[in-house]
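Data from start39.cif: mmCIF, C-alpha atoms
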```
data_run
loop_
_atom_site.group_PDB
_atom_site.id
_atom_site.type_symbol
_atom_site.label_atom_id
_atom_site.label_comp_id
_atom_site.auth_asym_id
_atom_site.auth_seq_id
_atom_site.Cartn_x
_atom_site.Cartn_y
_atom_site.Cartn_z
ATOM 1 C CA MET D 394 -54.598 -19.925 -70.327
ATOM 2 C CA SER D 395 -52.735 -18.056 -67.560
ATOM 3 C CA ILE D 396 -54.294 -15.038 -65.896
ATOM 4 C CA ILE D 397 -52.053 -11.969 -65.622
ATOM 5 C CA LYS D 398 -52.024 -10.833 -62.002
ATOM 6 C CA PRO D 399 -52.632 -7.091 -61.547
ATOM 7 C CA ARG D 400 -49.406 -5.221 -60.922
ATOM 8 C CA ILE D 401 -47.730 -1.856 -61.208
ATOM 9 C CA TYR D 402 -44.322 -0.681 -62.312
ATOM 10 C CA LEU D 403 -42.189 1.169 -59.770
ATOM 11 C CA ALA D 404 -40.050 3.898 -61.361
ATOM 12 C CA SER D 405 -37.695 4.188 -58.388
ATOM 13 C CA GLN D 406 -34.442 2.609 -57.244
ATOM 14 C CA SER D 407 -35.249 3.206 -53.561
ATOM 15 C CA PRO D 408 -35.127 0.029 -51.465
ATOM 16 C CA ARG D 409 -37.321 1.799 -48.877
ATOM 17 C CA ARG D 410 -40.116 2.260 -51.407
ATOM 18 C CA ARG D 411 -39.883 -1.380 -52.405
ATOM 19 C CA GLU D 412 -40.175 -2.425 -48.755
ATOM 20 C CA LEU D 413 -43.189 -0.173 -48.183
ATOM 21 C CA LEU D 414 -45.034 -1.476 -51.249
ATOM 22 C CA LYS D 415 -44.393 -5.040 -50.097
ATOM 23 C CA GLN D 416 -45.676 -4.109 -46.636
ATOM 24 C CA VAL D 417 -49.146 -3.388 -48.026
ATOM 25 C CA GLY D 418 -49.145 -6.229 -50.544
ATOM 26 C CA ILE D 419 -48.691 -4.282 -53.781
ATOM 27 C CA ASN D 420 -47.464 -6.459 -56.646
ATOM 28 C CA PHE D 421 -44.836 -4.488 -58.566
ATOM 29 C CA GLU D 422 -41.923 -4.713 -60.969
ATOM 30 C CA LEU D 423 -38.994 -2.311 -61.095
ATOM 31 C CA LEU D 424 -38.819 0.049 -64.053
ATOM 32 C CA LEU D 425 -35.503 1.879 -64.001
ATOM 33 C CA LEU D 426 -35.343 5.008 -66.148
ATOM 34 C CA ARG D 427 -31.575 4.894 -66.519
ATOM 35 C CA SER D 428 -31.705 1.688 -68.535
ATOM 36 C CA SER D 429 -34.475 2.888 -70.826
ATOM 37 C CA PRO D 430 -33.774 3.089 -74.577
ATOM 38 C CA GLY D 431 -33.064 6.687 -75.519
ATOM 39 C CA ARG D 432 -32.368 7.741 -71.907
ATOM 40 C CA SER D 433 -28.851 7.986 -70.559
ATOM 41 C CA VAL D 434 -29.592 9.771 -67.278
ATOM 42 C CA ASP D 435 -32.340 9.950 -64.708
ATOM 43 C CA VAL D 436 -34.751 12.877 -64.380
ATOM 44 C CA ASP D 437 -32.968 16.139 -63.555
ATOM 45 C CA GLU D 438 -33.727 16.824 -59.892
ATOM 46 C CA THR D 439 -32.109 20.272 -59.749
ATOM 47 C CA PRO D 440 -34.490 22.834 -58.173
ATOM 48 C CA HIS D 441 -35.342 25.832 -60.319
ATOM 49 C CA PRO D 442 -34.405 29.257 -58.924
ATOM 50 C CA GLY D 443 -37.037 30.375 -56.404
ATOM 51 C CA GLU D 444 -39.028 27.152 -56.799
ATOM 52 C CA LEU D 445 -41.280 26.334 -53.840
ATOM 53 C CA PRO D 446 -40.723 22.911 -52.224
ATOM 54 C CA GLU D 447 -44.184 21.548 -53.111
ATOM 55 C CA VAL D 448 -43.942 22.781 -56.701
ATOM 56 C CA TYR D 449 -40.508 21.144 -56.906
ATOM 57 C CA VAL D 450 -41.540 17.680 -55.657
ATOM 58 C CA ARG D 451 -44.643 17.691 -57.865
ATOM 59 C CA ARG D 452 -42.633 18.619 -60.963
ATOM 60 C CA VAL D 453 -39.903 16.034 -60.415
ATOM 61 C CA CYS D 454 -42.352 13.294 -59.456
ATOM 62 C CA GLN D 455 -44.522 13.872 -62.514
ATOM 63 C CA ALA D 456 -41.461 13.821 -64.761
ATOM 64 C CA LYS D 457 -40.431 10.467 -63.255
ATOM 65 C CA ALA D 458 -43.892 8.965 -63.756
ATOM 66 C CA GLU D 459 -44.182 10.214 -67.339
ATOM 67 C CA GLY D 460 -40.625 9.109 -68.109
ATOM 68 C CA GLY D 461 -41.397 5.687 -66.683
ATOM 69 C CA TYR D 462 -44.496 5.302 -68.805
ATOM 70 C CA SER D 463 -42.577 6.356 -71.918
ATOM 71 C CA ALA D 464 -39.997 3.670 -71.102
ATOM 72 C CA LEU D 465 -42.772 1.114 -70.732
ATOM 73 C CA ARG D 466 -44.101 1.963 -74.202
ATOM 74 C CA LEU D 467 -40.643 1.820 -75.780
ATOM 75 C CA ARG D 468 -40.118 -1.661 -74.375
ATOM 76 C CA ASN D 469 -43.599 -2.857 -75.399
ATOM 77 C CA LEU D 470 -44.364 -3.964 -71.837
ATOM 78 C CA PRO D 471 -47.933 -4.695 -70.654
ATOM 79 C CA PRO D 472 -49.631 -1.344 -69.890
ATOM 80 C CA PHE D 473 -49.922 -1.432 -66.117
ATOM 81 C CA PRO D 474 -49.771 1.780 -64.006
ATOM 82 C CA VAL D 475 -46.356 3.348 -63.407
ATOM 83 C CA LEU D 476 -45.772 4.702 -59.904
ATOM 84 C CA ALA D 477 -43.095 7.274 -59.116
ATOM 85 C CA ALA D 478 -42.284 9.251 -55.988
ATOM 86 C CA ASP D 479 -40.006 12.079 -54.928
ATOM 87 C CA THR D 480 -39.100 13.306 -51.445
ATOM 88 C CA THR D 481 -37.567 16.559 -50.320
ATOM 89 C CA VAL D 482 -36.869 18.264 -47.014
ATOM 90 C CA ALA D 483 -37.684 21.943 -46.562
ATOM 91 C CA LEU D 484 -36.652 24.375 -43.837
ATOM 92 C CA ASP D 485 -38.189 27.848 -43.955
ATOM 93 C CA GLY D 486 -38.969 27.332 -47.638
ATOM 94 C CA GLU D 487 -35.433 26.262 -48.557
ATOM 95 C CA ILE D 488 -35.147 22.909 -50.356
ATOM 96 C CA PHE D 489 -32.729 20.406 -48.845
ATOM 97 C CA GLY D 490 -32.088 17.748 -51.465
ATOM 98 C CA LYS D 491 -29.599 14.892 -51.428
ATOM 99 C CA PRO D 492 -26.173 15.911 -50.090
ATOM 100 C CA ASP D 493 -23.187 15.926 -52.414
ATOM 101 C CA ASN D 494 -20.835 14.536 -49.740
ATOM 102 C CA ALA D 495 -20.325 14.204 -45.980
ATOM 103 C CA ASP D 496 -19.479 17.897 -45.528
ATOM 104 C CA HIS D 497 -22.670 18.907 -47.310
ATOM 105 C CA ALA D 498 -24.698 16.458 -45.199
ATOM 106 C CA GLY D 499 -23.126 17.924 -42.066
ATOM 107 C CA GLU D 500 -24.193 21.420 -43.109
ATOM 108 C CA MET D 501 -27.767 20.202 -43.565
ATOM 109 C CA LEU D 502 -27.868 18.448 -40.200
ATOM 110 C CA ARG D 503 -26.485 21.505 -38.409
ATOM 111 C CA ALA D 504 -29.218 23.619 -40.041
ATOM 112 C CA LEU D 505 -31.931 21.104 -39.022
ATOM 113 C CA SER D 506 -30.607 20.772 -35.453
ATOM 114 C CA GLY D 507 -33.115 22.038 -32.876
ATOM 115 C CA THR D 508 -35.657 23.076 -35.522
ATOM 116 C CA GLU D 509 -38.888 21.876 -37.084
ATOM 117 C CA HIS D 510 -38.788 21.181 -40.806
ATOM 118 C CA GLN D 511 -41.108 19.716 -43.409
ATOM 119 C CA VAL D 512 -40.728 16.508 -45.378
ATOM 120 C CA LEU D 513 -42.681 16.509 -48.627
ATOM 121 C CA THR D 514 -43.223 13.344 -50.641
ATOM 122 C CA ALA D 515 -45.088 13.449 -53.943
ATOM 123 C CA VAL D 516 -46.507 10.270 -55.470
ATOM 124 C CA ALA D 517 -47.621 10.115 -59.105
ATOM 125 C CA ILE D 518 -49.202 7.342 -61.155
ATOM 126 C CA ALA D 519 -49.216 7.359 -64.948
ATOM 127 C CA LEU D 520 -51.315 5.135 -67.190
ATOM 128 C CA GLY D 521 -51.558 6.142 -70.831
ATOM 129 C CA ASP D 522 -52.047 9.903 -70.960
ATOM 130 C CA HIS D 523 -53.658 9.890 -67.511
ATOM 131 C CA VAL D 524 -51.433 11.090 -64.630
ATOM 132 C CA GLU D 525 -52.626 11.695 -61.082
ATOM 133 C CA GLN D 526 -50.611 12.929 -58.147
ATOM 134 C CA VAL D 527 -50.783 13.437 -54.393
ATOM 135 C CA VAL D 528 -48.413 15.133 -51.944
ATOM 136 C CA SER D 529 -47.866 14.190 -48.303
ATOM 137 C CA VAL D 530 -46.439 16.900 -46.019
ATOM 138 C CA SER D 531 -45.117 15.974 -42.581
ATOM 139 C CA SER D 532 -43.479 18.125 -39.904
ATOM 140 C CA VAL D 533 -40.414 16.759 -38.131
ATOM 141 C CA ARG D 534 -38.702 18.341 -35.131
ATOM 142 C CA PHE D 535 -35.050 17.559 -34.447
ATOM 143 C CA ALA D 536 -33.513 17.798 -31.007
ATOM 144 C CA PRO D 537 -30.474 20.081 -30.707
ATOM 145 C CA LEU D 538 -27.526 18.099 -32.063
ATOM 146 C CA THR D 539 -23.959 18.407 -30.874
ATOM 147 C CA GLY D 540 -21.111 18.330 -33.333
ATOM 148 C CA GLU D 541 -20.092 14.973 -31.853
ATOM 149 C CA ARG D 542 -23.498 13.406 -32.618
ATOM 150 C CA ILE D 543 -23.520 14.798 -36.149
ATOM 151 C CA ASN D 544 -20.027 13.497 -36.836
ATOM 152 C CA ALA D 545 -20.927 10.075 -35.446
ATOM 153 C CA TYR D 546 -23.936 9.971 -37.771
ATOM 154 C CA LEU D 547 -21.861 10.978 -40.778
ATOM 155 C CA ARG D 548 -19.544 8.045 -40.097
ATOM 156 C CA THR D 549 -22.490 5.677 -40.677
ATOM 157 C CA HIS D 550 -22.774 6.977 -44.285
ATOM 158 C CA GLU D 551 -26.574 6.803 -43.982
ATOM 159 C CA TYR D 552 -26.789 10.350 -45.314
ATOM 160 C CA ALA D 553 -25.914 9.233 -48.846
ATOM 161 C CA ASP D 554 -28.773 9.600 -51.328
ATOM 162 C CA LYS D 555 -31.137 10.852 -48.592
ATOM 163 C CA ALA D 556 -33.069 14.127 -48.847
ATOM 164 C CA GLY D 557 -31.942 16.375 -46.007
ATOM 165 C CA GLY D 558 -29.017 14.060 -45.309
ATOM 166 C CA TYR D 559 -30.845 11.652 -43.000
ATOM 167 C CA ALA D 560 -33.050 8.565 -42.905
ATOM 168 C CA ILE D 561 -35.786 8.409 -40.265
ATOM 169 C CA GLN D 562 -35.727 4.599 -40.274
ATOM 170 C CA GLY D 563 -32.008 4.550 -39.445
ATOM 171 C CA HIS D 564 -29.772 6.017 -36.754
ATOM 172 C CA ALA D 565 -31.267 9.483 -37.297
ATOM 173 C CA GLY D 566 -34.511 8.254 -35.746
ATOM 174 C CA ALA D 567 -32.799 9.073 -32.436
ATOM 175 C CA PHE D 568 -32.637 12.765 -33.434
ATOM 176 C CA ILE D 569 -36.399 13.166 -33.796
ATOM 177 C CA GLU D 570 -38.339 14.651 -30.886
ATOM 178 C CA HIS D 571 -41.680 14.835 -32.664
ATOM 179 C CA ILE D 572 -43.309 14.012 -35.976
ATOM 180 C CA SER D 573 -46.680 15.184 -37.230
ATOM 181 C CA GLY D 574 -47.895 13.521 -40.406
ATOM 182 C CA SER D 575 -46.926 10.313 -42.189
ATOM 183 C CA TYR D 576 -44.007 8.226 -40.938
ATOM 184 C CA SER D 577 -43.981 6.256 -44.205
ATOM 185 C CA GLY D 578 -44.124 9.564 -46.071
ATOM 186 C CA VAL D 579 -40.945 10.698 -44.323
ATOM 187 C CA MET D 580 -39.394 7.355 -45.331
ATOM 188 C CA GLY D 581 -40.243 8.121 -48.957
ATOM 189 C CA LEU D 582 -43.683 6.682 -49.756
ATOM 190 C CA PRO D 583 -46.827 7.708 -47.825
ATOM 191 C CA LEU D 584 -48.802 4.479 -47.710
ATOM 192 C CA PHE D 585 -52.270 5.909 -47.124
ATOM 193 C CA GLU D 586 -52.010 8.371 -50.009
ATOM 194 C CA THR D 587 -50.349 5.782 -52.270
ATOM 195 C CA VAL D 588 -53.081 3.190 -51.770
ATOM 196 C CA GLU D 589 -55.817 5.789 -52.264
ATOM 197 C CA LEU D 590 -54.151 6.822 -55.526
ATOM 198 C CA LEU D 591 -53.864 3.224 -56.710
ATOM 199 C CA ARG D 592 -57.555 2.670 -56.014
ATOM 200 C CA ARG D 593 -58.348 5.544 -58.400
ATOM 201 C CA PHE D 594 -56.675 3.430 -61.106
ATOM 202 C CA ASP D 595 -58.763 0.390 -60.087
ATOM 203 C CA TYR D 596 -55.776 -1.414 -58.614
ATOM 204 C CA PRO D 597 -57.165 -3.963 -56.086
ATOM 205 C CA ALA D 598 -55.301 -2.599 -53.043
ATOM 206 C CA ILE D 599 -56.487 -3.351 -49.523
#
```

Using the file provided, produce a representation of the structure as structure tokens.
Amino acid sequence: MSIIKPRIYLASQSPRRRELLKQVGINFELLLLRSSPGRSVDVDETPHPGELPEVYVRRVCQAKAEGGYSALRLRNLPPFPVLAADTTVALDGEIFGKPDNADHAGEMLRALSGTEHQVLTAVAIALGDHVEQVVSVSSVRFAPLTGERINAYLRTHEYADKAGGYAIQGHAGAFIEHISGSYSGVMGLPLFETVELLRRFDYPAI
């Protein structure tokens, strides 16, 4: 009789989150909400009017985790924990989500140029009716950016699908003068907080 190895489901399409889970030896399977029976779209990530950045990432992350667990039940999959995450960038309380296009990304980068902003990543795990959540908040300071540097970055197309229009692990790493907090959290999955959360669900993480 085969023994089922402990694992989790990852309710995220982010390749960065997959890489980070692999880095710390977490056994996972992808659970994409879009392909779930009865769901035609992903969780609505539109901020509510006046919503604070931390309230926003917690709300969206919890909805992703709960939606993932509902999908698991509909498909009659083995009931392992479902992990979801959401990242946003905030400057002076304003939420910078994923840019609509290159022009929008350029606006974000010009606003972040020469300033310190926050990167908030929420992680939630759902198992049955039990959902727990943590939030990692990091501060990132950008050097002043010339229009030439911003335009060169936009030509890389790295801004696509990235909160705040940049990826710390890519070319934009050269923009960052200082970071205080979690590097992996800025990438999209704070490893310390994620492992601590998994341990609460008795997942055998290192």

Exercise for review: Quick one: everything within 8 Å of Ala519 of chain D, counting only C-alpha atoms, minus sequence neighbours fewer than 5 positions away in the same chain. Send it as an MDAnalysis selection string.
Suggested key: chainID D and resid 458:459 462 474:476 524:525

Just-selected residues, C-alpha atoms written as a PDB file, keeping the file's coordinate frame:
```pdb
ATOM      1  CA  ALA D 458     -43.892   8.965 -63.756  1.00  0.00           C
ATOM      2  CA  GLU D 459     -44.182  10.214 -67.339  1.00  0.00           C
ATOM      3  CA  TYR D 462     -44.496   5.302 -68.805  1.00  0.00           C
ATOM      4  CA  PRO D 474     -49.771   1.780 -64.006  1.00  0.00           C
ATOM      5  CA  VAL D 475     -46.356   3.348 -63.407  1.00  0.00           C
ATOM      6  CA  LEU D 476     -45.772   4.702 -59.904  1.00  0.00           C
ATOM      7  CA  VAL D 524     -51.433  11.090 -64.630  1.00  0.00           C
ATOM      8  CA  GLU D 525     -52.626  11.695 -61.082  1.00  0.00           C
TER       9      GLU D 525
END
```

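When atom CA of Ala536 of chain D is paired with atom CA of Ala478 of chain D, their separation reads 27.8 Å.
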
Exercise for review: May I ask which of the residues D:Leu414, D:Ala464, D:Val450, D:Ala483 is the closest one to Ala504 of chain D, counting all atoms listed in the file?
Suggested key: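 The answer is D:Ala483, which sits nearest to Ala504 of chain D.
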
Exercise for review: Carefully work through the PyMOL selection byres ((chain D and resi 399) around 12) for this structure and note down the residues it includes, as an MDAnalysis selection string.
Suggested key: chainID D and resid 396:398 400:402 418:422 471:474 591 594:598

Check your understanding: How far is it from atom CA of Val453 of chain D to atom CA of Asp479 of chain D, in Å with one decimal?
Key ->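 Interatomic distance, atom CA of Val453 of chain D to atom CA of Asp479 of chain D: 6.8 Å.
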
Exercise for review: Excluding His564 of chain D and any residue of its chain fewer than 3 positions from it, enumerate the residues within 12 Å of it, using only C-alpha atoms, and give them as a list in words.
Suggested key: Arg542, Ile543, Ala545, Tyr546, Leu547, Arg548, Thr549, His550, Glu551, Tyr552, Gly558, Tyr559, Ala560, Ile561, Ala567, Phe568 and Ile569 of chain D

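Picture a line from atom CA of Val448 of chain D to atom CA of Gly574 of chain D; it runs 19.2 Å.
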
Practice item. Enumerate, as a ChimeraX atom specification, the residues matched when the PyMOL selection byres ((chain D and resi 406-413) around 12) is run on the file above. Key: /D:401-405,414-428,435,457,476-480,514,516,554-555,560-563,576-585,587-588

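Comparing the minimum interatomic distances between Cys454 of chain D and each of D:Gln526, D:Ser575, D:Thr539, D:Thr439, counting only C-alpha atoms, we find that D:Gln526 sits nearest.
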
**Study point:** Residues within 9 Å of (-41.1, 21.1, -52.6), file coords, all atoms listed in the file, listed as a ChimeraX atom specification
**Key:** /D:440,444-452,480-483,486-488,512-515

Practice item. Give as a list in words the residues that the PyMOL selection byres ((chain D and resi 506) around 6) matches when applied to the coordinates above. Key: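 Applied to this file, the PyMOL selection byres ((chain D and resi 506) around 6) selects Leu502, Arg503, Ala504, Leu505, Gly507, Thr508, Phe535, Pro537 and Leu538 of chain D.
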
Study note, to complete from the structure: Using all atoms listed in the file, the shortest atom-to-atom distance to Arg592 of chain D among D:Ile518, D:Asp496, D:Gly540, D:Gln455 belongs to D:Ile518

Revision key, fill the gap. The residue from D:Ile572, D:Arg593, D:Ala556, D:Gly566 with the smallest atom-to-atom distance to Lys491 of chain D, counting all atoms listed in the file, is D:Ala556

Listed atoms of segment 445-458 of chain D, axis-aligned box, 5 Å per side: centre and edge lengths to one decimal in Å, as AutoDock Vina command-line options?
```
--center_x -42.3 --center_y 17.6 --center_z -58.5 --size_x 14.7 --size_y 27.4 --size_z 22.5
```

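The residue that comes closest to Ala517 of chain D, out of D:Ile599, D:Glu438, D:Ser529, D:Pro492 and on the basis of all atoms listed in the file, is D:Ser529.
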
Restore N, CA and C atoms in segment 433-466 of chain D and list the result as a PDB file, keeping the file's coordinate frame.
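Final file, rebuild_38.pdb:
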```
ATOM      1  N   SER D 433     -30.155   8.302 -71.127  1.00  0.00           N
ATOM      2  CA  SER D 433     -28.851   7.986 -70.559  1.00  0.00           C
ATOM      3  C   SER D 433     -28.739   8.439 -69.109  1.00  0.00           C
ATOM      4  N   VAL D 434     -29.645   9.273 -68.657  1.00  0.00           N
ATOM      5  CA  VAL D 434     -29.592   9.771 -67.278  1.00  0.00           C
ATOM      6  C   VAL D 434     -30.999   9.760 -66.698  1.00  0.00           C
ATOM      7  N   ASP D 435     -31.058   9.856 -65.380  1.00  0.00           N
ATOM      8  CA  ASP D 435     -32.340   9.950 -64.708  1.00  0.00           C
ATOM      9  C   ASP D 435     -32.904  11.361 -64.861  1.00  0.00           C
ATOM     10  N   VAL D 436     -34.113  11.556 -64.354  1.00  0.00           N
ATOM     11  CA  VAL D 436     -34.751  12.877 -64.380  1.00  0.00           C
ATOM     12  C   VAL D 436     -33.879  13.892 -63.633  1.00  0.00           C
ATOM     13  N   ASP D 437     -33.745  15.072 -64.200  1.00  0.00           N
ATOM     14  CA  ASP D 437     -32.968  16.139 -63.555  1.00  0.00           C
ATOM     15  C   ASP D 437     -33.711  16.613 -62.310  1.00  0.00           C
ATOM     16  N   GLU D 438     -33.082  16.464 -61.151  1.00  0.00           N
ATOM     17  CA  GLU D 438     -33.727  16.824 -59.892  1.00  0.00           C
ATOM     18  C   GLU D 438     -33.220  18.160 -59.344  1.00  0.00           C
ATOM     19  N   THR D 439     -32.608  18.968 -60.192  1.00  0.00           N
ATOM     20  CA  THR D 439     -32.109  20.272 -59.749  1.00  0.00           C
ATOM     21  C   THR D 439     -33.272  21.248 -59.564  1.00  0.00           C
ATOM     22  N   PRO D 440     -33.408  21.849 -58.365  1.00  0.00           N
ATOM     23  CA  PRO D 440     -34.490  22.834 -58.173  1.00  0.00           C
ATOM     24  C   PRO D 440     -34.294  24.047 -59.081  1.00  0.00           C
ATOM     25  N   HIS D 441     -35.401  24.594 -59.558  1.00  0.00           N
ATOM     26  CA  HIS D 441     -35.342  25.832 -60.319  1.00  0.00           C
ATOM     27  C   HIS D 441     -35.181  27.011 -59.360  1.00  0.00           C
ATOM     28  N   PRO D 442     -34.575  28.098 -59.805  1.00  0.00           N
ATOM     29  CA  PRO D 442     -34.405  29.257 -58.924  1.00  0.00           C
ATOM     30  C   PRO D 442     -35.753  29.738 -58.375  1.00  0.00           C
ATOM     31  N   GLY D 443     -35.826  29.878 -57.052  1.00  0.00           N
ATOM     32  CA  GLY D 443     -37.037  30.375 -56.404  1.00  0.00           C
ATOM     33  C   GLY D 443     -38.190  29.387 -56.357  1.00  0.00           C
ATOM     34  N   GLU D 444     -37.952  28.147 -56.750  1.00  0.00           N
ATOM     35  CA  GLU D 444     -39.028  27.152 -56.799  1.00  0.00           C
ATOM     36  C   GLU D 444     -39.454  26.746 -55.387  1.00  0.00           C
ATOM     37  N   LEU D 445     -40.756  26.738 -55.139  1.00  0.00           N
ATOM     38  CA  LEU D 445     -41.280  26.334 -53.840  1.00  0.00           C
ATOM     39  C   LEU D 445     -41.140  24.819 -53.682  1.00  0.00           C
ATOM     40  N   PRO D 446     -40.931  24.345 -52.435  1.00  0.00           N
ATOM     41  CA  PRO D 446     -40.723  22.911 -52.224  1.00  0.00           C
ATOM     42  C   PRO D 446     -41.835  22.033 -52.794  1.00  0.00           C
ATOM     43  N   GLU D 447     -43.111  22.402 -52.603  1.00  0.00           N
ATOM     44  CA  GLU D 447     -44.184  21.548 -53.111  1.00  0.00           C
ATOM     45  C   GLU D 447     -44.226  21.558 -54.639  1.00  0.00           C
ATOM     46  N   VAL D 448     -43.985  22.703 -55.238  1.00  0.00           N
ATOM     47  CA  VAL D 448     -43.942  22.781 -56.701  1.00  0.00           C
ATOM     48  C   VAL D 448     -42.803  21.900 -57.222  1.00  0.00           C
ATOM     49  N   TYR D 449     -41.676  21.931 -56.511  1.00  0.00           N
ATOM     50  CA  TYR D 449     -40.508  21.144 -56.906  1.00  0.00           C
ATOM     51  C   TYR D 449     -40.802  19.645 -56.874  1.00  0.00           C
ATOM     52  N   VAL D 450     -41.325  19.134 -55.730  1.00  0.00           N
ATOM     53  CA  VAL D 450     -41.540  17.680 -55.657  1.00  0.00           C
ATOM     54  C   VAL D 450     -42.605  17.229 -56.645  1.00  0.00           C
ATOM     55  N   ARG D 451     -43.618  18.052 -56.879  1.00  0.00           N
ATOM     56  CA  ARG D 451     -44.643  17.691 -57.865  1.00  0.00           C
ATOM     57  C   ARG D 451     -44.049  17.609 -59.276  1.00  0.00           C
ATOM     58  N   ARG D 452     -43.231  18.589 -59.620  1.00  0.00           N
ATOM     59  CA  ARG D 452     -42.633  18.619 -60.963  1.00  0.00           C
ATOM     60  C   ARG D 452     -41.735  17.408 -61.195  1.00  0.00           C
ATOM     61  N   VAL D 453     -40.846  17.140 -60.248  1.00  0.00           N
ATOM     62  CA  VAL D 453     -39.903  16.034 -60.415  1.00  0.00           C
ATOM     63  C   VAL D 453     -40.632  14.694 -60.424  1.00  0.00           C
ATOM     64  N   CYS D 454     -41.609  14.552 -59.533  1.00  0.00           N
ATOM     65  CA  CYS D 454     -42.352  13.294 -59.456  1.00  0.00           C
ATOM     66  C   CYS D 454     -43.126  13.029 -60.746  1.00  0.00           C
ATOM     67  N   GLN D 455     -43.771  14.053 -61.271  1.00  0.00           N
ATOM     68  CA  GLN D 455     -44.522  13.872 -62.514  1.00  0.00           C
ATOM     69  C   GLN D 455     -43.593  13.503 -63.663  1.00  0.00           C
ATOM     70  N   ALA D 456     -42.427  14.144 -63.704  1.00  0.00           N
ATOM     71  CA  ALA D 456     -41.461  13.821 -64.761  1.00  0.00           C
ATOM     72  C   ALA D 456     -41.001  12.367 -64.662  1.00  0.00           C
ATOM     73  N   LYS D 457     -40.829  11.866 -63.439  1.00  0.00           N
ATOM     74  CA  LYS D 457     -40.431  10.467 -63.255  1.00  0.00           C
ATOM     75  C   LYS D 457     -41.535   9.518 -63.713  1.00  0.00           C
ATOM     76  N   ALA D 458     -42.775   9.830 -63.361  1.00  0.00           N
ATOM     77  CA  ALA D 458     -43.892   8.965 -63.756  1.00  0.00           C
ATOM     78  C   ALA D 458     -44.064   8.957 -65.274  1.00  0.00           C
ATOM     79  N   GLU D 459     -44.022  10.132 -65.878  1.00  0.00           N
ATOM     80  CA  GLU D 459     -44.182  10.214 -67.339  1.00  0.00           C
ATOM     81  C   GLU D 459     -43.001   9.560 -68.057  1.00  0.00           C
ATOM     82  N   GLY D 460     -41.791   9.751 -67.521  1.00  0.00           N
ATOM     83  CA  GLY D 460     -40.625   9.109 -68.109  1.00  0.00           C
ATOM     84  C   GLY D 460     -40.706   7.593 -67.995  1.00  0.00           C
ATOM     85  N   GLY D 461     -41.224   7.126 -66.863  1.00  0.00           N
ATOM     86  CA  GLY D 461     -41.397   5.687 -66.683  1.00  0.00           C
ATOM     87  C   GLY D 461     -42.395   5.107 -67.656  1.00  0.00           C
ATOM     88  N   TYR D 462     -43.495   5.834 -67.871  1.00  0.00           N
ATOM     89  CA  TYR D 462     -44.496   5.302 -68.805  1.00  0.00           C
ATOM     90  C   TYR D 462     -43.979   5.322 -70.247  1.00  0.00           C
ATOM     91  N   SER D 463     -43.191   6.323 -70.589  1.00  0.00           N
ATOM     92  CA  SER D 463     -42.577   6.356 -71.918  1.00  0.00           C
ATOM     93  C   SER D 463     -41.647   5.165 -72.102  1.00  0.00           C
ATOM     94  N   ALA D 464     -40.892   4.823 -71.033  1.00  0.00           N
ATOM     95  CA  ALA D 464     -39.997   3.670 -71.102  1.00  0.00           C
ATOM     96  C   ALA D 464     -40.783   2.387 -71.291  1.00  0.00           C
ATOM     97  N   LEU D 465     -41.908   2.292 -70.608  1.00  0.00           N
ATOM     98  CA  LEU D 465     -42.772   1.114 -70.732  1.00  0.00           C
ATOM     99  C   LEU D 465     -43.229   0.933 -72.181  1.00  0.00           C
ATOM    100  N   ARG D 466     -43.638   2.032 -72.805  1.00  0.00           N
ATOM    101  CA  ARG D 466     -44.101   1.963 -74.202  1.00  0.00           C
ATOM    102  C   ARG D 466     -42.972   1.556 -75.141  1.00  0.00           C
TER     103      ARG D 466
END
```
